[in-house]
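Here the structure comes first, spelled out in structure tokens, and everything after it is commentary.
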Amino acid sequence: MDHDEPTKRPIGLPPESGAPPDPVDVPWIDAHQHTQSLTWNDREKFDLSGGEAAVMIAAGYYWTPYRPVRPEHVRFLWDDALRRAAAFTHRHFYDQYVAVGVHTWSHVEDADELLAALPEYCDHDRVVAVGETGIESTHHTSQWPLDGQRDVVREQMHVARETGLPVLVHTPGSSKGDVDPRESHSYEEGNRNFTEPLLDAETAKRDAVEMDVELADEAGLADEQVVIDHVDGDVVPYLMETTNCRLSFTVGAPWLRGVDARDVADAVEEYGPDRILVDTDLIGAMRCDPFAMKRTILDLLRLGVPREDVRKVVYENPKAVLDLRHSVRAAKASSSAVSQWVSRSSSETSAG
Ligand SMILES: [Zn+2]
């Protein structure tokens, strides 16, 4: 017999038998998604896959009717996100939070009106971040010159400093305007409606990130409150070696961004997990996977990333940077426990 098994011929067992892997009980918090564009079925998948909290970006210009965008359109989106967040938390098992800001993805006229209202929104219980915002190279239909973008991004970083919230910094390079033709059917906007790039496509992400870091410095915002989002290999060494910013890998649409668990694993191995987050940027306007966080957890474990490091990048780090210690659900649970106790004791009293 040329094999160790009692079987007549080899049956191709895995090289080592032994205990199966431990159950995957790692919860997750997604710091960046466009939850309002998803469905109940998608949000149920967050419940099913260990989601504890998610941050909905309030301003997504897909849903504003006109270009340039007017402040009242953005206000509508902010208010709508707050309203929906309450409904989502009420009917699902994860906590829905909101990030409020002026996205630079299409020109917003009179953005000062929004910036004046922003600090008050930042005081709202559900608002846990400013953003997404950040220097962008291509725009939806209506270009926003760099100087104007700088002003609006800097001012939001200033609001973040004043209110103590982190800022979620959008960075270019999600292929808007140059989606691979083989994939453009997967994105409702495809390659349409985008303005000519303001930055050299080869270096746009790095150039924009350098500007964003400079703007945070000008606003006096601590690096610890700056989450540079949609990072990839073009910016990771620069950010890790010259700043103390947080870096978030967006894994929700690898076909678009070219980023997945392997990039996260490489960064954790090279730099350690302490400043790394994973988010999805899920959006209903393109093919995306509501199980992306859970699948990434599984992939990171398969790639050999230590369990405690996986937990850090998908859960502990977003929880810390978003300061979610006082969760909406914890508050809700204690108030409903009180109301149940009150109604029970009052019915006991009336029965007696
Ligand atoms: Zn986004």
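A note on labels: chains of the structure tokens are A, B, ... as shown, every chain counts residues from 1, and ligands are counted from 1 in their shown order.
Using only C-alpha atoms and all ligand atoms, residues with at least one atom at most 7 Å away from any atom of ligand 1 are His32, Gln33, His34, Ile57, Glu132 and Asp281 of chain A.
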Limited to all heavy atoms, could you put the picked residues into a file as a compact mmCIF listing (two decimals), in the first residue's frame?
# COMPACT_ATOMS: atom_id res chain seq x y z
N HIS A 32 -17.59 52.85 6.46
CA HIS A 32 -17.90 53.61 5.24
C HIS A 32 -18.76 52.77 4.31
O HIS A 32 -18.29 51.81 3.70
CB HIS A 32 -16.58 53.99 4.53
CG HIS A 32 -16.76 54.83 3.29
ND1 HIS A 32 -15.86 55.82 2.93
CD2 HIS A 32 -17.71 54.84 2.33
CE1 HIS A 32 -16.26 56.39 1.80
NE2 HIS A 32 -17.38 55.80 1.41
N GLN A 33 -20.03 53.14 4.23
CA GLN A 33 -20.89 52.50 3.24
C GLN A 33 -22.04 53.45 2.89
O GLN A 33 -22.31 54.39 3.63
CB GLN A 33 -21.42 51.17 3.74
CG GLN A 33 -22.09 51.23 5.09
CD GLN A 33 -22.80 49.91 5.45
OE1 GLN A 33 -24.01 49.89 5.58
NE2 GLN A 33 -22.05 48.82 5.62
N HIS A 34 -22.68 53.19 1.77
CA HIS A 34 -23.79 54.04 1.33
C HIS A 34 -25.08 53.25 1.57
O HIS A 34 -25.76 52.83 0.64
CB HIS A 34 -23.59 54.46 -0.12
CG HIS A 34 -22.33 55.26 -0.29
ND1 HIS A 34 -22.32 56.63 -0.27
CD2 HIS A 34 -21.04 54.89 -0.39
CE1 HIS A 34 -21.07 57.07 -0.38
NE2 HIS A 34 -20.27 56.02 -0.45
N ILE A 57 -22.67 57.07 4.72
CA ILE A 57 -22.26 58.39 4.23
C ILE A 57 -23.53 59.13 3.81
O ILE A 57 -24.23 58.69 2.89
CB ILE A 57 -21.30 58.26 3.03
CG1 ILE A 57 -20.09 57.38 3.37
CG2 ILE A 57 -20.89 59.63 2.53
CD1 ILE A 57 -19.17 57.90 4.43
N GLU A 132 -18.03 61.57 3.69
CA GLU A 132 -16.70 61.55 3.17
C GLU A 132 -16.41 62.82 2.39
O GLU A 132 -17.30 63.39 1.76
CB GLU A 132 -16.49 60.33 2.26
CG GLU A 132 -17.38 60.32 1.03
CD GLU A 132 -17.19 59.08 0.15
OE1 GLU A 132 -16.09 58.87 -0.40
OE2 GLU A 132 -18.17 58.33 -0.01
N ASP A 281 -17.47 50.58 1.52
CA ASP A 281 -17.99 51.56 0.55
C ASP A 281 -19.12 50.94 -0.29
O ASP A 281 -19.30 51.29 -1.45
CB ASP A 281 -16.86 52.08 -0.35
CG ASP A 281 -17.20 53.42 -0.99
OD1 ASP A 281 -18.25 54.01 -0.66
OD2 ASP A 281 -16.41 53.89 -1.84
Check your understanding: Can you list every residue in segment 177-241 of chain A that DSSP puts in strand (DSSP E or B), as an MDAnalysis selection string?
Key -> chainID A and resid 187 194 226:228
For the selection just defined, write its residues with all heavy atoms to a file, as a PDB file, in the first residue's frame.
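See result_17.pdb below for the written result:
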ATOM      1  N   TYR A 187     -21.493  48.875 -13.219  1.00  0.00           N
ATOM      2  CA  TYR A 187     -21.545  50.165 -12.539  1.00  0.00           C
ATOM      3  C   TYR A 187     -22.517  51.042 -13.321  1.00  0.00           C
ATOM      4  O   TYR A 187     -22.313  51.291 -14.508  1.00  0.00           O
ATOM      5  CB  TYR A 187     -20.132  50.771 -12.540  1.00  0.00           C
ATOM      6  CG  TYR A 187     -19.940  52.097 -11.875  1.00  0.00           C
ATOM      7  CD1 TYR A 187     -20.868  52.601 -10.974  1.00  0.00           C
ATOM      8  CD2 TYR A 187     -18.806  52.855 -12.138  1.00  0.00           C
ATOM      9  CE1 TYR A 187     -20.671  53.829 -10.363  1.00  0.00           C
ATOM     10  CE2 TYR A 187     -18.605  54.078 -11.530  1.00  0.00           C
ATOM     11  CZ  TYR A 187     -19.532  54.557 -10.649  1.00  0.00           C
ATOM     12  OH  TYR A 187     -19.329  55.764 -10.052  1.00  0.00           O
ATOM     13  N   PHE A 194     -18.370  61.895 -16.412  1.00  0.00           N
ATOM     14  CA  PHE A 194     -17.235  62.333 -15.600  1.00  0.00           C
ATOM     15  C   PHE A 194     -16.413  63.391 -16.324  1.00  0.00           C
ATOM     16  O   PHE A 194     -16.176  63.292 -17.526  1.00  0.00           O
ATOM     17  CB  PHE A 194     -16.377  61.140 -15.181  1.00  0.00           C
ATOM     18  CG  PHE A 194     -17.124  60.261 -14.228  1.00  0.00           C
ATOM     19  CD1 PHE A 194     -17.739  59.104 -14.670  1.00  0.00           C
ATOM     20  CD2 PHE A 194     -17.273  60.636 -12.901  1.00  0.00           C
ATOM     21  CE1 PHE A 194     -18.470  58.312 -13.798  1.00  0.00           C
ATOM     22  CE2 PHE A 194     -18.008  59.855 -12.021  1.00  0.00           C
ATOM     23  CZ  PHE A 194     -18.617  58.689 -12.464  1.00  0.00           C
ATOM     24  N   VAL A 226      -7.701  61.469  11.394  1.00  0.00           N
ATOM     25  CA  VAL A 226      -7.780  61.476   9.933  1.00  0.00           C
ATOM     26  C   VAL A 226      -7.753  60.027   9.423  1.00  0.00           C
ATOM     27  O   VAL A 226      -6.771  59.313   9.627  1.00  0.00           O
ATOM     28  CB  VAL A 226      -6.597  62.263   9.326  1.00  0.00           C
ATOM     29  CG1 VAL A 226      -6.655  62.236   7.802  1.00  0.00           C
ATOM     30  CG2 VAL A 226      -6.593  63.703   9.842  1.00  0.00           C
ATOM     31  N   VAL A 227      -8.849  59.611   8.802  1.00  0.00           N
ATOM     32  CA  VAL A 227      -8.912  58.267   8.212  1.00  0.00           C
ATOM     33  C   VAL A 227      -8.788  58.443   6.698  1.00  0.00           C
ATOM     34  O   VAL A 227      -9.708  58.919   6.035  1.00  0.00           O
ATOM     35  CB  VAL A 227     -10.248  57.564   8.530  1.00  0.00           C
ATOM     36  CG1 VAL A 227     -10.273  56.165   7.895  1.00  0.00           C
ATOM     37  CG2 VAL A 227     -10.474  57.485  10.043  1.00  0.00           C
ATOM     38  N   ILE A 228      -7.632  58.066   6.163  1.00  0.00           N
ATOM     39  CA  ILE A 228      -7.443  58.139   4.709  1.00  0.00           C
ATOM     40  C   ILE A 228      -8.055  56.875   4.125  1.00  0.00           C
ATOM     41  O   ILE A 228      -7.619  55.753   4.425  1.00  0.00           O
ATOM     42  CB  ILE A 228      -5.946  58.246   4.333  1.00  0.00           C
ATOM     43  CG1 ILE A 228      -5.297  59.468   5.013  1.00  0.00           C
ATOM     44  CG2 ILE A 228      -5.794  58.293   2.816  1.00  0.00           C
ATOM     45  CD1 ILE A 228      -5.721  60.813   4.483  1.00  0.00           C
TER      46      ILE A 228
END
Point to revise | Nearest residue to Thr89 of chain A from the set A:Asp232, A:Glu72, A:Glu44, A:Glu196 (distances using only C-alpha atoms) | key: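 Of A:Asp232, A:Glu72, A:Glu44, A:Glu196, the one nearest Thr89 of chain A, counting only C-alpha atoms, is A:Glu44.
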Exercise for review: Return the single residue from A:Thr133, A:Ser186, A:Gln96, A:Ser106 that is closest to Ala54 of chain A, with distances computed using only C-alpha atoms.
Suggested key: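 Of the candidates, the smallest distance to Ala54 of chain A is held by A:Gln96.
If only C-alpha atoms are the atoms counted, then among A:Ile283, A:Val55, A:Leu324, A:Leu301 the closest residue to Val24 of chain A is A:Leu301.
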Exercise for review: Run DSSP on the backbone of this structure and report the residues of segment 124-212 of chain A it assigns to alpha helix (DSSP H), as a PyMOL selection string.
Suggested key: chain A and resi 146-163+204-212
Restricting it to N, CA and C atoms, dump the selection as a PDB file, in the first residue's frame.
ATOM      1  N   LEU A 146      -9.467  72.845  -7.966  1.00  0.00           N
ATOM      2  CA  LEU A 146      -8.748  72.405  -6.760  1.00  0.00           C
ATOM      3  C   LEU A 146      -8.793  73.420  -5.622  1.00  0.00           C
ATOM      4  N   ASP A 147      -8.687  74.712  -5.947  1.00  0.00           N
ATOM      5  CA  ASP A 147      -8.676  75.691  -4.852  1.00  0.00           C
ATOM      6  C   ASP A 147      -9.974  75.661  -4.050  1.00  0.00           C
ATOM      7  N   GLY A 148     -11.098  75.566  -4.764  1.00  0.00           N
ATOM      8  CA  GLY A 148     -12.385  75.484  -4.080  1.00  0.00           C
ATOM      9  C   GLY A 148     -12.491  74.210  -3.251  1.00  0.00           C
ATOM     10  N   GLN A 149     -12.001  73.108  -3.799  1.00  0.00           N
ATOM     11  CA  GLN A 149     -12.013  71.845  -3.041  1.00  0.00           C
ATOM     12  C   GLN A 149     -11.163  71.964  -1.777  1.00  0.00           C
ATOM     13  N   ARG A 150      -9.993  72.583  -1.936  1.00  0.00           N
ATOM     14  CA  ARG A 150      -9.112  72.742  -0.765  1.00  0.00           C
ATOM     15  C   ARG A 150      -9.844  73.468   0.357  1.00  0.00           C
ATOM     16  N   ASP A 151     -10.543  74.550  -0.004  1.00  0.00           N
ATOM     17  CA  ASP A 151     -11.228  75.342   1.034  1.00  0.00           C
ATOM     18  C   ASP A 151     -12.284  74.513   1.750  1.00  0.00           C
ATOM     19  N   VAL A 152     -13.057  73.767   0.987  1.00  0.00           N
ATOM     20  CA  VAL A 152     -14.178  73.044   1.601  1.00  0.00           C
ATOM     21  C   VAL A 152     -13.674  71.838   2.410  1.00  0.00           C
ATOM     22  N   VAL A 153     -12.588  71.230   1.968  1.00  0.00           N
ATOM     23  CA  VAL A 153     -12.023  70.101   2.731  1.00  0.00           C
ATOM     24  C   VAL A 153     -11.364  70.615   4.014  1.00  0.00           C
ATOM     25  N   ARG A 154     -10.584  71.688   3.885  1.00  0.00           N
ATOM     26  CA  ARG A 154      -9.911  72.251   5.063  1.00  0.00           C
ATOM     27  C   ARG A 154     -10.934  72.645   6.126  1.00  0.00           C
ATOM     28  N   GLU A 155     -12.023  73.276   5.696  1.00  0.00           N
ATOM     29  CA  GLU A 155     -13.018  73.732   6.665  1.00  0.00           C
ATOM     30  C   GLU A 155     -13.687  72.548   7.368  1.00  0.00           C
ATOM     31  N   GLN A 156     -13.907  71.476   6.640  1.00  0.00           N
ATOM     32  CA  GLN A 156     -14.497  70.297   7.295  1.00  0.00           C
ATOM     33  C   GLN A 156     -13.511  69.668   8.280  1.00  0.00           C
ATOM     34  N   MET A 157     -12.234  69.733   7.970  1.00  0.00           N
ATOM     35  CA  MET A 157     -11.236  69.228   8.919  1.00  0.00           C
ATOM     36  C   MET A 157     -11.205  70.115  10.164  1.00  0.00           C
ATOM     37  N   HIS A 158     -11.443  71.382   9.945  1.00  0.00           N
ATOM     38  CA  HIS A 158     -11.519  72.301  11.079  1.00  0.00           C
ATOM     39  C   HIS A 158     -12.721  71.957  11.962  1.00  0.00           C
ATOM     40  N   VAL A 159     -13.857  71.676  11.336  1.00  0.00           N
ATOM     41  CA  VAL A 159     -15.048  71.264  12.098  1.00  0.00           C
ATOM     42  C   VAL A 159     -14.752  69.962  12.855  1.00  0.00           C
ATOM     43  N   ALA A 160     -14.049  69.043  12.213  1.00  0.00           N
ATOM     44  CA  ALA A 160     -13.677  67.784  12.883  1.00  0.00           C
ATOM     45  C   ALA A 160     -12.836  68.085  14.118  1.00  0.00           C
ATOM     46  N   ARG A 161     -11.905  69.007  13.977  1.00  0.00           N
ATOM     47  CA  ARG A 161     -11.072  69.372  15.138  1.00  0.00           C
ATOM     48  C   ARG A 161     -11.937  69.936  16.260  1.00  0.00           C
ATOM     49  N   GLU A 162     -12.843  70.838  15.897  1.00  0.00           N
ATOM     50  CA  GLU A 162     -13.668  71.509  16.909  1.00  0.00           C
ATOM     51  C   GLU A 162     -14.642  70.555  17.591  1.00  0.00           C
ATOM     52  N   THR A 163     -15.138  69.558  16.842  1.00  0.00           N
ATOM     53  CA  THR A 163     -16.169  68.681  17.404  1.00  0.00           C
ATOM     54  C   THR A 163     -15.587  67.357  17.906  1.00  0.00           C
ATOM     55  N   ALA A 204      -2.641  60.492  -9.276  1.00  0.00           N
ATOM     56  CA  ALA A 204      -3.751  61.256  -8.677  1.00  0.00           C
ATOM     57  C   ALA A 204      -3.970  60.924  -7.207  1.00  0.00           C
ATOM     58  N   LYS A 205      -3.945  59.642  -6.872  1.00  0.00           N
ATOM     59  CA  LYS A 205      -4.229  59.280  -5.484  1.00  0.00           C
ATOM     60  C   LYS A 205      -3.156  59.834  -4.555  1.00  0.00           C
ATOM     61  N   ARG A 206      -1.904  59.624  -4.920  1.00  0.00           N
ATOM     62  CA  ARG A 206      -0.815  60.104  -4.072  1.00  0.00           C
ATOM     63  C   ARG A 206      -0.856  61.640  -3.963  1.00  0.00           C
ATOM     64  N   ASP A 207      -1.070  62.316  -5.096  1.00  0.00           N
ATOM     65  CA  ASP A 207      -1.117  63.792  -5.070  1.00  0.00           C
ATOM     66  C   ASP A 207      -2.237  64.273  -4.166  1.00  0.00           C
ATOM     67  N   ALA A 208      -3.420  63.656  -4.318  1.00  0.00           N
ATOM     68  CA  ALA A 208      -4.577  64.082  -3.520  1.00  0.00           C
ATOM     69  C   ALA A 208      -4.336  63.814  -2.036  1.00  0.00           C
ATOM     70  N   VAL A 209      -3.753  62.662  -1.730  1.00  0.00           N
ATOM     71  CA  VAL A 209      -3.504  62.312  -0.321  1.00  0.00           C
ATOM     72  C   VAL A 209      -2.519  63.313   0.300  1.00  0.00           C
ATOM     73  N   GLU A 210      -1.495  63.672  -0.445  1.00  0.00           N
ATOM     74  CA  GLU A 210      -0.544  64.657   0.098  1.00  0.00           C
ATOM     75  C   GLU A 210      -1.252  65.975   0.390  1.00  0.00           C
ATOM     76  N   MET A 211      -2.145  66.378  -0.519  1.00  0.00           N
ATOM     77  CA  MET A 211      -2.904  67.617  -0.287  1.00  0.00           C
ATOM     78  C   MET A 211      -3.792  67.485   0.944  1.00  0.00           C
ATOM     79  N   ASP A 212      -4.467  66.351   1.071  1.00  0.00           N
ATOM     80  CA  ASP A 212      -5.362  66.131   2.225  1.00  0.00           C
ATOM     81  C   ASP A 212      -4.585  66.201   3.545  1.00  0.00           C
TER      82      ASP A 212
END
Practice item. Would you work out the distance separating atom CA of Tyr238 of chain A from atom CA of Val268 of chain A, expressed in Å to one decimal? Key: 15.1 Å
**Study point:** d(atom CA of Asp80 of chain A, atom CA of Tyr315 of chain A) in Å
**Key:** 26.7 Å
Point to revise | Among the residues A:Pro71, A:Gly12, A:Pro145, A:Gly220, the one that comes closest to Leu115 of chain A [using only C-alpha atoms] | key: A:Pro71
Check your understanding: Which residues, written as a PyMOL selection string, have at least one atom at most 12 Å from Leu247 of chain A, with only C-alpha atoms counted and residues fewer than 6 positions away on the same chain left out?
Key -> chain A and resi 31+167-171+209+223-233+235-241+264+267-268+271-279+313+317-318+321
**Study point:** Ile297 of chain A environment, 12 Å, only C-alpha atoms, sequence neighbours closer than 3 positions dropped, as a VMD selection string
**Key:** chain A and resid 23 to 29 49 to 51 251 260 to 262 264 to 265 277 to 279 291 to 294 300 to 315
Residues as selected, N, CA, C and O atoms, written as a short mmCIF file (atom, residue, chain, number, x, y, z; two decimals), in the first residue's frame, can you do that?
data_model
loop_
_atom_site.label_atom_id
_atom_site.label_comp_id
_atom_site.auth_asym_id
_atom_site.auth_seq_id
_atom_site.Cartn_x
_atom_site.Cartn_y
_atom_site.Cartn_z
N PRO A 23 -14.42 28.47 15.52
CA PRO A 23 -15.51 29.21 14.90
C PRO A 23 -15.11 30.68 14.70
O PRO A 23 -14.34 31.22 15.49
N VAL A 24 -15.63 31.27 13.64
CA VAL A 24 -15.27 32.66 13.35
C VAL A 24 -16.25 33.58 14.05
O VAL A 24 -17.34 33.86 13.56
N ASP A 25 -15.86 34.01 15.26
CA ASP A 25 -16.76 34.83 16.06
C ASP A 25 -16.29 36.28 16.09
O ASP A 25 -16.49 36.99 17.06
N VAL A 26 -15.64 36.71 15.01
CA VAL A 26 -15.11 38.08 14.97
C VAL A 26 -16.22 39.03 14.49
O VAL A 26 -16.71 38.89 13.37
N PRO A 27 -16.63 40.00 15.31
CA PRO A 27 -17.62 40.96 14.85
C PRO A 27 -16.96 42.01 13.95
O PRO A 27 -15.73 42.06 13.87
N TRP A 28 -17.77 42.79 13.27
CA TRP A 28 -17.18 43.84 12.43
C TRP A 28 -17.95 45.15 12.51
O TRP A 28 -19.14 45.16 12.84
N ILE A 29 -17.23 46.23 12.23
CA ILE A 29 -17.82 47.56 12.13
C ILE A 29 -17.34 48.16 10.82
O ILE A 29 -16.13 48.25 10.58
N SER A 49 -24.05 38.26 9.42
CA SER A 49 -22.61 38.02 9.28
C SER A 49 -21.79 38.70 10.36
O SER A 49 -20.59 38.86 10.19
N GLY A 50 -22.43 39.06 11.47
CA GLY A 50 -21.65 39.59 12.60
C GLY A 50 -21.46 41.09 12.60
O GLY A 50 -20.59 41.60 13.30
N GLY A 51 -22.26 41.80 11.83
CA GLY A 51 -22.16 43.26 11.82
C GLY A 51 -22.62 43.83 13.16
O GLY A 51 -23.69 43.47 13.64
N VAL A 251 -12.84 47.21 0.61
CA VAL A 251 -12.83 45.87 0.00
C VAL A 251 -14.15 45.47 -0.65
O VAL A 251 -14.31 44.32 -1.08
N ASP A 260 -8.14 43.94 -2.13
CA ASP A 260 -8.87 42.90 -1.39
C ASP A 260 -8.07 42.49 -0.16
O ASP A 260 -7.10 43.17 0.22
N ALA A 261 -8.47 41.36 0.43
CA ALA A 261 -7.87 40.94 1.70
C ALA A 261 -6.35 40.78 1.61
O ALA A 261 -5.64 40.98 2.59
N ARG A 262 -5.86 40.43 0.43
CA ARG A 262 -4.40 40.23 0.32
C ARG A 262 -3.64 41.53 0.58
O ARG A 262 -2.56 41.54 1.17
N VAL A 264 -4.70 43.95 2.51
CA VAL A 264 -4.81 44.20 3.94
C VAL A 264 -3.78 43.35 4.69
O VAL A 264 -3.05 43.84 5.57
N ALA A 265 -3.71 42.07 4.31
CA ALA A 265 -2.77 41.15 4.98
C ALA A 265 -1.33 41.63 4.80
O ALA A 265 -0.54 41.61 5.75
N LEU A 277 -7.71 49.97 9.06
CA LEU A 277 -9.13 49.63 9.10
C LEU A 277 -9.51 48.96 7.77
O LEU A 277 -8.82 49.15 6.77
N VAL A 278 -10.64 48.24 7.83
CA VAL A 278 -11.23 47.70 6.61
C VAL A 278 -12.64 48.26 6.50
O VAL A 278 -13.37 48.28 7.49
N ASP A 279 -13.02 48.77 5.33
CA ASP A 279 -14.41 49.19 5.11
C ASP A 279 -14.86 48.67 3.75
O ASP A 279 -14.07 48.07 3.02
N PHE A 291 -21.85 40.75 1.92
CA PHE A 291 -21.07 39.91 2.84
C PHE A 291 -19.57 40.27 2.79
O PHE A 291 -18.73 39.50 3.26
N ALA A 292 -19.24 41.40 2.19
CA ALA A 292 -17.82 41.72 1.98
C ALA A 292 -17.01 41.73 3.27
O ALA A 292 -15.87 41.24 3.30
N MET A 293 -17.57 42.27 4.36
CA MET A 293 -16.78 42.32 5.60
C MET A 293 -16.51 40.90 6.10
O MET A 293 -15.38 40.56 6.44
N LYS A 294 -17.55 40.09 6.13
CA LYS A 294 -17.38 38.72 6.63
C LYS A 294 -16.43 37.93 5.74
O LYS A 294 -15.54 37.22 6.22
N LEU A 300 -8.77 36.87 5.47
CA LEU A 300 -7.60 37.27 6.27
C LEU A 300 -7.13 36.10 7.13
O LEU A 300 -5.93 35.85 7.25
N LEU A 301 -8.09 35.36 7.71
CA LEU A 301 -7.71 34.19 8.51
C LEU A 301 -7.06 33.12 7.64
O LEU A 301 -6.05 32.53 8.00
N ARG A 302 -7.62 32.91 6.45
CA ARG A 302 -7.03 31.92 5.53
C ARG A 302 -5.62 32.32 5.12
O ARG A 302 -4.77 31.47 4.87
N LEU A 303 -5.40 33.63 5.04
CA LEU A 303 -4.07 34.11 4.64
C LEU A 303 -3.09 34.06 5.80
O LEU A 303 -1.93 34.44 5.65
N GLY A 304 -3.58 33.64 6.97
CA GLY A 304 -2.67 33.46 8.10
C GLY A 304 -2.51 34.68 8.99
O GLY A 304 -1.62 34.72 9.84
N VAL A 305 -3.35 35.68 8.80
CA VAL A 305 -3.27 36.85 9.69
C VAL A 305 -3.77 36.41 11.07
O VAL A 305 -4.83 35.78 11.16
N PRO A 306 -3.02 36.71 12.14
CA PRO A 306 -3.46 36.27 13.47
C PRO A 306 -4.86 36.81 13.80
O PRO A 306 -5.20 37.93 13.43
N ARG A 307 -5.63 35.97 14.48
CA ARG A 307 -7.02 36.31 14.76
C ARG A 307 -7.16 37.66 15.47
O ARG A 307 -8.04 38.46 15.17
N GLU A 308 -6.26 37.94 16.41
CA GLU A 308 -6.39 39.22 17.15
C GLU A 308 -6.10 40.41 16.23
O GLU A 308 -6.66 41.48 16.40
N ASP A 309 -5.27 40.22 15.23
CA ASP A 309 -5.00 41.30 14.27
C ASP A 309 -6.20 41.51 13.35
O ASP A 309 -6.55 42.64 13.00
N VAL A 310 -6.84 40.40 12.97
CA VAL A 310 -8.04 40.51 12.13
C VAL A 310 -9.11 41.29 12.89
O VAL A 310 -9.73 42.22 12.38
N ARG A 311 -9.29 40.89 14.14
CA ARG A 311 -10.30 41.56 14.98
C ARG A 311 -10.00 43.06 15.09
O ARG A 311 -10.89 43.89 15.08
N LYS A 312 -8.72 43.37 15.19
CA LYS A 312 -8.35 44.80 15.29
C LYS A 312 -8.78 45.59 14.06
O LYS A 312 -9.37 46.65 14.17
N VAL A 313 -8.46 45.07 12.88
CA VAL A 313 -8.67 45.89 11.68
C VAL A 313 -10.14 45.97 11.25
O VAL A 313 -10.54 46.94 10.61
N VAL A 314 -10.93 44.96 11.61
CA VAL A 314 -12.35 45.01 11.21
C VAL A 314 -13.26 45.49 12.33
O VAL A 314 -14.43 45.78 12.09
N TYR A 315 -12.74 45.54 13.57
CA TYR A 315 -13.64 45.83 14.69
C TYR A 315 -13.04 46.83 15.69
O TYR A 315 -13.58 47.92 15.87
#
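Going from atom CA of Ala253 of chain A to atom CA of Trp105 of chain A covers 18.5 Å.
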